[in-house]
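Undergrad: Encoded as structure tokens, here's the structure I'll be asking about.
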Amino acid sequence: MPPLKSLELKFPIIDSKFLQFCASNGIFSVEDFLVHDLYVLVAFAERQSNSKELKQGITQVLSIIDNQHQPWLNGVEMLEDAQQNKHVLSTGCEGIDLLLQGGLREGQLTELVGSSSSGKTQVCLQVASNVALEHGVMFLDTCNSFSPKRIACFINQLLNPSFKEDKQKILERIMSSILCHSVFDIFQLLDILHQLQFKLRSQVNTGDGEVRLLIIDSISSLITPFLGGSGAHGHSLMISTGYLLKKLAHEHNLAILVTNHTVGGVGGVPKPALGESWKSVPHVRLLLSRDRGSNMCNISILKHPCLASGRTERFMIYD
Amino acid sequence: MEVSRLPLAPSQKAKLISAGYTIMSFHLFCLNSSYHCTDLNISDTEALEILKLASQSCRVDRLDGSHAIVNGAQTAWDMLHEEEFITRITTSSADLDNILGGGICCKEVTEIGGVPGIGKTQLGIQLAVNVQIPADRGGLEGKAIYIDTEGSFMVERASQIAEACIEDVLKNYVFQRKEYQACQDEMQPKTFLANIFYFRICSYTEQIALINYLDTFIAQHKDVGIAVHAMFVKVVILDSVTFHFRQDFDDLALRTRVLSGMALKLMKLAKKFSLAVVLLNQVTTKFVEGSFQLTLALGDSWSHSCTNRVILYWNGNERYAYIDKSPSLRSASTPYSVTVKGIRDAASHCKRIRMM
């Protein structure tokens, strides 16, 4: 919280007399102001000779504080926003679409948890190919597993086989709307998310073609080098990244898909990595597992705001 | 530009935030650093460091003139075309190359694990030699970095494998007499050995330090090699990544943090210099579904730190390789053998690849 004297430049009403008054009540920063009993403060101000200016000063600081929070929304506005802006993006995989009743919802952070080689990257690539048919996709890759060959393979399966002549052009158009960036550092990720936020804020609404899906594969490999240990800064980085993602999703109507790995839990049963605090961050959590030696996968809901957890579906990853 | 985004030490961040500095703008750079020292109770050098970091990050923020949504992003279409030009490192076994899609791929981290004696070090030495095959003979013409943690690298064996590799390369190409002589002069086992940079590591701190150092090392070591082409390091082999992390590591949480940090650095190295990183891993037993099974060492979180994984195992008397994890290759297994000449195809008459 900034010290009160730093507000002097911008707001002339907060002059030295006001600061002196506040100091006499033990208030040196905006935080102290919030914590202090305001009725007592106003009553105290009444007794001073320059009570009018002091009360104006108090009102000014309160209005600065008021500007810091998000505007209030009522239920009707939220419903309108959900129906008009937050569409559902189909994943291209019938099993997952069936499980999620349509697909990935814009404005939500979906987490895909699975052990090694369970098909997380394949699902991400398939979702990217399917959404890229109509919208823009941003793929942030931390393990060099983005395979353009696989994307071309998925897109060829999705396209109508009758348009053989234009296939190359269509492939070019679709693949050009998938942007891939390699990220190897949590701070680099935060930079990229801020750049994305800046670009989306300053962009005019163009309808089709703008980025609607953000995939981060995998976010756990960026966070695990900082988690644990003596300080809590790993946790704070993780939670602030999670909140930034959710804010981005809500403000700009993006669907965000992140992947997480599993670690050994109690009794040898694998549990999702990143710990207890991360559990509450994503809106939707899905558990993916693959049958040994085959391409059949099992996906189940661990957490969802409106569907029952424990529902499962099976689907196949095509070659 | 928020303070929480800067890669500062947590104590410095805490001091900045508690004093009220949550957003650093470009103007902060111009202010006198001594003002901040008294305000924040930090030393002069610390203040200068923070200001330098902040100004660097602010400069990146202001470069928003490009058309791309994010600086440095590539479209999938461009990457598809780039992929066609990536050469792969052959393993000298045609079957193994087949299941790997042509060989070990650059820009990716491949983990190879197996029981002791299966041929991991042999495969590592073979790759260190094969990466140096000249470009006009179908190779990468690059140098190799071999990081040895166990002491299993034998120079005589490397020389033997290099000789056999040169023999094979010369045999497979039809030359005129003059070219053959020139080629034979260029490719000598001594030059092959000279292009393998060898590091011997004796503790995990050395391992971490070396991986941090590789960035500058690789950038420095590029010079003019055979046929006036610049020779860059094209493969980094780490044999084995497990050795110093298995014993004497009391704090498992620290081990996970260190390993995941190392994995990210290796991924970055592979991407930045377009080289292949090959990690050799050991096996351990794990209690899964009521029985003990062999799995690769270093735990679950490490299993996500590689792009591709190949598991080597015994099947009767034959050595087999199995693709366990890959974003673009199908699961398949194939036999191979370790001979005097190095890694070669299995000697059996009915060579076949079993598709899973």
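In the structure tokens, chains take letters A, B, ... by order of appearance, with residues numbered from 1 within each chain and ligands from 1 in the order shown.
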Find the residues near Tyr213 of chain B: any atom within 12 Å, counting only C-alpha atoms, skip ones fewer than 5 places away on the same chain, and give them as a PyMOL selection string.

TA: chain B and resi 199+206-208+218-220+262+265-266+269

Undergrad: Enumerate as an MDAnalysis selection string the residues belonging to chain A that approach chain B to within 8 Å, with only C-alpha atoms taken into account.

TA: chainID A and resid 1:3 115:117 121:122 142:150 172 175:182 184:185 187 190:192 195:196 199 221:222 224:229 231 233 237 261:264 268 293:294 319

Undergrad: Can you tell me how far atom CA of Leu98 of chain A sits from atom CA of Glu313 of chain A, in Å to one decimal?

TA: 7.7 Å

Undergrad: Can you list every residue in segment 127-299 of chain A that DSSP puts in alpha helix (DSSP H), as a ChimeraX atom specification?

TA: /A:127-132,148-158,167-176,186-202,220-223,233-252,275-279

Undergrad: Using DSSP secondary structure from the backbone, list all strand (DSSP E) positions within segment 103-163 of chain A, as a list in words.

TA: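 Those residues are Leu104, Arg105, Leu109, Thr110, Glu111, Leu112, Val113, Gly114, Gly136, Val137, Met138, Phe139, Leu140 and Asp141 of chain A.
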